[in-house]
Amino acid sequence: MRRPLRRVVARALGVSVRVKIMGIALGLVLLLGVGAVLHSQRVSRATLTRELDERAVSIARDTAVRAADFILFEDLVSLRDLVLDTMAASKDVRYIFVLDARANILAHTFGHFLPPDLQPANSGGEYAGGFRIQRLASEEGILRDVAVPIFGGRAGVVRVGMSAERLERTLTRTTQQLFLLIAAVSLLGVLAAYLPTAILTRPLLELRNLTRAVGRGDFSSRARVRFGDEIGQLAAAFNTMVENLERADAERSRLLDELRAKEQMRRELLEKVISAQEDERKRVARELHDETSQSLASLMVGLKVLESADRLEEARGKAGELRSVVDDVLRGVHDLAWELRPSLLDSLGLAAAIQRSAEEYGERVGLRIDCQVADLDHHRRLPPEVETAVYRIVQEALTNVAKHAQATRVSVVLRHRGDSLLAIVEDDGRGFDVEAVLGTAPVEKRLGLFGMSERAALLGGRFSIESAPGRGSTVFVEVPFEGTL
Ligand SMILES: Nc1ncnc2c1ncn2[C@@H]1O[C@H](COP(=O)(O)OP(=O)(O)O)[C@@H](O)[C@H]1O
Ligand SMILES: [Mg+2]
């Protein structure tokens, strides 16, 4: 029982705001109108009924006064004329009859005889205020029967029957007219409410459509803020929300793109690292095979010759030759070991390794590399991964300078900054557009810069480049002492 009711209420409340407001207007007009009509009908019925009663009483009194003489002189003909004339003169009177003191009928307005049950009705009881009223049911509705005594009842009674039919008809007619008026006013009210509700609800409908658009991911539209009322405030708040959403969405897409690009670079870097490792092994194998084994083979041959040497002079000469071969082999092995992993990094630490590497590299490519590592605490050893990372980053930076910069001066600076190690490689070469290069990096497969920044990031450090065409380049790397590997 309660469920369907709730469903009906929910459906009624689910209609559009416009219909709701117009419904409220209509309901108010109807409520007020119907209430006013019912009240006024009640009041006017009471007033009109009282007036009808008063008229009936006064007609009955008047008739009683005038009938008294005719009764005393027993002039029944005049008495009959009197009652007929009186009834004809008054519209609402339905009957008049006169009784003598013993309740015999002296005159009446009915054609032949009085209806038998009329006389006993309203016959007993007191005359409060000089009259007595009783309601009687009849064919034409309720009649008001008024009895007024003649000479205090000693000469008889006059009875007058009044019909309230005309009164009821008038009341019904006016009520119908009033209801018609209410209907017209309600219609006007609904029409009049339509315009303001349309004005009120239009921004709401607009907001609803915009919200749907935002839900579909379209952030381009904004709500119009018309006035400073609640709806205007809602529109303004909505706009702020959409702006924030749009910004967040753009940021999200940007981060996503960045992430994808980074992922791509990482993959390429990994491939490059693997293939570089392979190349390196091949190179080492070739070096060992072509150079070292060759030298060792010729050393073997030389030793055989030495074995079979007859003369000391000859043996000495051969030994000298062999020593220089061993010398070559030693240098070759040493160089190979250095290139694979600078042993100084392990034994002497980062500063010395970088210094030596820079000197050697500069000599090889014909660059003057100015190395400033004096500020570094040479006794403080850093975690090996930090040293290796910084070493490789500086190496790559120097390789870039030799490859791209056409510089005349290069400086490498290593120093402490707070709890981290700062490395700076600066050249006075032709420089480059950092943004453009980093932006196109994944396509162009330039992974050097990306590899440097990845190495730094892996240790919780930072990497940045300052450069502009014609203005040289500076690479900054900062890695915390306690690497986060
Ligand atoms: N010190 C530098 N001077 C001038 N250009 C540089 C320097 N370092 C890097 N670049 C530019 O940045 C690009 C990207 O460098 P990198 O990522 O190391 O890739 P690669 O060295 O393989 O080209 C280089 O191709 C070069 O154009
Ligand atoms: Mg490079």
# chains A, B, ... in the order shown; residues from 1 in each chain; ligands from 1
call {"tool": "closest_atom_pairs", "arguments": {"of": "stretch 383-457 of chain A", "to": "stretch 344-353 of chain A", "cutoff": "10 Å", "atoms": "only C-alpha atoms", "output": "JSON lines"}}
result
{"residue": "A:Pro384", "atom": "CA", "partner": "A:Asp346", "partner_atom": "CA", "distance": 8.1}
{"residue": "A:Val386", "atom": "CA", "partner": "A:Leu350", "partner_atom": "CA", "distance": 9.3}
{"residue": "A:Glu387", "atom": "CA", "partner": "A:Leu350", "partner_atom": "CA", "distance": 5.8}
{"residue": "A:Thr388", "atom": "CA", "partner": "A:Leu345", "partner_atom": "CA", "distance": 7.8}
{"residue": "A:Val390", "atom": "CA", "partner": "A:Leu350", "partner_atom": "CA", "distance": 8.2}
{"residue": "A:Tyr391", "atom": "CA", "partner": "A:Leu350", "partner_atom": "CA", "distance": 6.9}
{"residue": "A:Val413", "atom": "CA", "partner": "A:Ala351", "partner_atom": "CA", "distance": 9.7}
{"residue": "A:Leu414", "atom": "CA", "partner": "A:Ala351", "partner_atom": "CA", "distance": 7.5}
{"residue": "A:Arg415", "atom": "CA", "partner": "A:Ala351", "partner_atom": "CA", "distance": 9.5}
call {"tool": "write_last_selection", "arguments": {"atoms": "all heavy atoms", "output": "CSV table (one decimal), in the first residue's frame"}}
result
chain,number,residue,atom,x,y,z
A,384,PRO,N,80.0,2.8,-4.8
A,384,PRO,CA,80.5,2.5,-6.2
A,384,PRO,C,79.5,2.9,-7.3
A,384,PRO,O,79.9,3.4,-8.3
A,384,PRO,CB,80.7,1.0,-6.2
A,384,PRO,CG,80.3,0.4,-4.9
A,384,PRO,CD,80.0,1.6,-4.0
A,386,VAL,N,77.4,5.3,-7.3
A,386,VAL,CA,77.5,6.8,-7.5
A,386,VAL,C,78.7,7.1,-8.4
A,386,VAL,O,78.6,7.9,-9.3
A,386,VAL,CB,77.5,7.5,-6.2
A,386,VAL,CG1,77.7,9.0,-6.4
A,386,VAL,CG2,76.2,7.2,-5.4
A,387,GLU,N,79.8,6.5,-8.0
A,387,GLU,CA,81.1,6.8,-8.7
A,387,GLU,C,81.0,6.4,-10.2
A,387,GLU,O,81.3,7.2,-11.1
A,387,GLU,CB,82.3,6.1,-8.0
A,387,GLU,CG,82.5,6.7,-6.6
A,387,GLU,CD,83.9,6.3,-6.1
A,387,GLU,OE1,84.4,5.2,-6.5
A,387,GLU,OE2,84.5,7.1,-5.3
A,388,THR,N,80.5,5.2,-10.4
A,388,THR,CA,80.4,4.7,-11.8
A,388,THR,C,79.4,5.6,-12.6
A,388,THR,O,79.8,6.0,-13.7
A,388,THR,CB,79.8,3.3,-11.8
A,388,THR,OG1,80.5,2.5,-10.8
A,388,THR,CG2,79.9,2.7,-13.1
A,390,VAL,N,78.5,8.8,-12.1
A,390,VAL,CA,79.1,10.1,-12.4
A,390,VAL,C,80.2,10.0,-13.5
A,390,VAL,O,80.3,10.8,-14.4
A,390,VAL,CB,79.6,10.8,-11.2
A,390,VAL,CG1,80.3,12.1,-11.5
A,390,VAL,CG2,78.4,11.0,-10.2
A,391,TYR,N,81.0,8.9,-13.3
A,391,TYR,CA,82.1,8.7,-14.3
A,391,TYR,C,81.6,8.5,-15.7
A,391,TYR,O,82.0,9.2,-16.6
A,391,TYR,CB,82.9,7.5,-13.9
A,391,TYR,CG,84.1,7.2,-14.8
A,391,TYR,CD1,85.3,7.9,-14.6
A,391,TYR,CD2,84.0,6.3,-15.8
A,391,TYR,CE1,86.3,7.6,-15.4
A,391,TYR,CE2,85.0,6.1,-16.7
A,391,TYR,CZ,86.2,6.7,-16.5
A,391,TYR,OH,87.3,6.5,-17.3
A,413,VAL,N,84.3,20.1,-13.8
A,413,VAL,CA,84.4,20.5,-12.4
A,413,VAL,C,83.7,19.4,-11.6
A,413,VAL,O,82.6,19.0,-11.9
A,413,VAL,CB,83.8,21.9,-12.2
A,413,VAL,CG1,83.9,22.2,-10.7
A,413,VAL,CG2,84.4,22.9,-13.0
A,414,LEU,N,84.3,19.0,-10.5
A,414,LEU,CA,83.7,18.1,-9.5
A,414,LEU,C,83.7,18.8,-8.2
A,414,LEU,O,84.8,19.2,-7.8
A,414,LEU,CB,84.4,16.8,-9.4
A,414,LEU,CG,84.3,15.7,-10.5
A,414,LEU,CD1,85.0,14.4,-10.0
A,414,LEU,CD2,82.8,15.4,-10.8
A,415,ARG,N,82.6,18.9,-7.5
A,415,ARG,CA,82.7,19.4,-6.2
A,415,ARG,C,81.5,19.0,-5.3
A,415,ARG,O,80.5,18.4,-5.9
A,415,ARG,CB,82.9,20.9,-6.1
A,415,ARG,CG,81.8,21.8,-6.6
A,415,ARG,CD,82.2,23.2,-6.3
A,415,ARG,NE,81.9,24.1,-7.5
A,415,ARG,CZ,80.7,24.6,-7.7
A,415,ARG,NH1,79.7,24.4,-6.9
A,415,ARG,NH2,80.5,25.4,-8.7
call {"tool": "select_by_dssp", "arguments": {"residues": "stretch 55-293 of chain A", "states": "strand (DSSP E)", "output": "MDAnalysis selection string"}}
result
chainID A and resid 93:99 105:108 132:138 141:150 156:163
call {"tool": "residues_around", "arguments": {"residues": "A:Arg316", "least_positions_apart": "3", "cutoff": "12 Å", "atoms": "only C-alpha atoms", "output": "number ranges by chain"}}
result
A: 302-303, 305-307, 309-313, 319-323
call {"tool": "write_last_selection", "arguments": {"atoms": "N, CA and C atoms", "output": "PDB file, in the first residue's frame"}}
result
ATOM      1  N   GLY A 302     109.996 -16.269 -30.861  1.00  0.00           N
ATOM      2  CA  GLY A 302     111.222 -15.595 -30.412  1.00  0.00           C
ATOM      3  C   GLY A 302     111.911 -16.404 -29.323  1.00  0.00           C
ATOM      4  N   LEU A 303     111.125 -16.966 -28.408  1.00  0.00           N
ATOM      5  CA  LEU A 303     111.685 -17.728 -27.300  1.00  0.00           C
ATOM      6  C   LEU A 303     112.381 -18.994 -27.818  1.00  0.00           C
ATOM      7  N   VAL A 305     113.704 -19.321 -30.766  1.00  0.00           N
ATOM      8  CA  VAL A 305     114.962 -18.868 -31.370  1.00  0.00           C
ATOM      9  C   VAL A 305     116.006 -18.667 -30.269  1.00  0.00           C
ATOM     10  N   LEU A 306     115.510 -18.042 -29.175  1.00  0.00           N
ATOM     11  CA  LEU A 306     116.409 -17.762 -28.057  1.00  0.00           C
ATOM     12  C   LEU A 306     116.978 -19.059 -27.476  1.00  0.00           C
ATOM     13  N   GLU A 307     116.107 -20.074 -27.398  1.00  0.00           N
ATOM     14  CA  GLU A 307     116.495 -21.370 -26.855  1.00  0.00           C
ATOM     15  C   GLU A 307     117.678 -21.971 -27.640  1.00  0.00           C
ATOM     16  N   ALA A 309     119.773 -20.359 -29.464  1.00  0.00           N
ATOM     17  CA  ALA A 309     120.849 -19.414 -29.776  1.00  0.00           C
ATOM     18  C   ALA A 309     122.192 -19.963 -29.277  1.00  0.00           C
ATOM     19  N   ASP A 310     123.225 -19.794 -30.116  1.00  0.00           N
ATOM     20  CA  ASP A 310     124.523 -20.333 -29.742  1.00  0.00           C
ATOM     21  C   ASP A 310     125.337 -19.289 -28.987  1.00  0.00           C
ATOM     22  N   ARG A 311     125.156 -18.110 -29.483  1.00  0.00           N
ATOM     23  CA  ARG A 311     126.045 -17.092 -28.936  1.00  0.00           C
ATOM     24  C   ARG A 311     125.303 -16.187 -27.954  1.00  0.00           C
ATOM     25  N   LEU A 312     126.023 -15.784 -26.957  1.00  0.00           N
ATOM     26  CA  LEU A 312     125.452 -14.889 -25.933  1.00  0.00           C
ATOM     27  C   LEU A 312     124.992 -13.563 -26.543  1.00  0.00           C
ATOM     28  N   GLU A 313     125.827 -13.098 -27.466  1.00  0.00           N
ATOM     29  CA  GLU A 313     125.561 -11.826 -28.148  1.00  0.00           C
ATOM     30  C   GLU A 313     124.187 -11.873 -28.845  1.00  0.00           C
ATOM     31  N   ALA A 319     116.691 -11.293 -26.735  1.00  0.00           N
ATOM     32  CA  ALA A 319     115.979 -11.006 -25.477  1.00  0.00           C
ATOM     33  C   ALA A 319     115.472  -9.568 -25.463  1.00  0.00           C
ATOM     34  N   GLY A 320     116.313  -8.664 -25.957  1.00  0.00           N
ATOM     35  CA  GLY A 320     115.888  -7.247 -26.025  1.00  0.00           C
ATOM     36  C   GLY A 320     114.653  -7.100 -26.902  1.00  0.00           C
ATOM     37  N   GLU A 321     114.651  -7.795 -28.050  1.00  0.00           N
ATOM     38  CA  GLU A 321     113.502  -7.740 -28.966  1.00  0.00           C
ATOM     39  C   GLU A 321     112.241  -8.241 -28.268  1.00  0.00           C
ATOM     40  N   LEU A 322     112.454  -9.422 -27.603  1.00  0.00           N
ATOM     41  CA  LEU A 322     111.299 -10.043 -26.939  1.00  0.00           C
ATOM     42  C   LEU A 322     110.745  -9.149 -25.825  1.00  0.00           C
ATOM     43  N   ARG A 323     111.638  -8.432 -25.171  1.00  0.00           N
ATOM     44  CA  ARG A 323     111.174  -7.559 -24.085  1.00  0.00           C
ATOM     45  C   ARG A 323     110.239  -6.455 -24.622  1.00  0.00           C
TER      46      ARG A 323
END
call {"tool": "residues_near_ligand", "arguments": {"ligand": "ligand 2", "cutoff": "10 Å", "atoms": "only C-alpha atoms and all ligand atoms", "output": "ChimeraX atom specification"}}
result
/A:395-404,446-452
call {"tool": "residues_around", "arguments": {"residues": "A:Glu246", "least_positions_apart": "6", "cutoff": "10 Å", "atoms": "only C-alpha atoms", "output": "count of residues only"}}
result
7
call {"tool": "residues_around", "arguments": {"residues": "A:Ser295", "least_positions_apart": "6", "cutoff": "9 Å", "atoms": "only C-alpha atoms", "output": "JSON, numbers by chain"}}
result
{"A": [325, 326, 328, 329]}
call {"tool": "residues_around", "arguments": {"residues": "stretch 135-140 of chain A", "least_positions_apart": "4", "cutoff": "9 Å", "atoms": "only C-alpha atoms", "output": "PyMOL selection string"}}
result
chain A and resi 118+121-122+144-146+161+163+165
call {"tool": "residues_around", "arguments": {"residues": "stretch 366-383 of chain A", "least_positions_apart": "6", "cutoff": "7 Å", "atoms": "only C-alpha atoms", "output": "list in words"}}
result
Gly349, Ala351, Gln355, Ala358, Glu359, Thr408, Arg409, Val410, Ser411, Val412, Val413, Leu414, Arg415, His416, Phe481, Glu482 and Gly483 of chain A
call {"tool": "atom_distance", "arguments": {"atom1": "atom CA of A:Glu426", "atom2": "atom CA of A:Glu280"}}
result
28.2 Å
call {"tool": "closest_residue", "arguments": {"among": "A:Leu459, A:Leu114, A:Ala405, A:Ile142", "to": "ligand 1", "atoms": "only C-alpha atoms and all ligand atoms"}}
result
A:Ala405
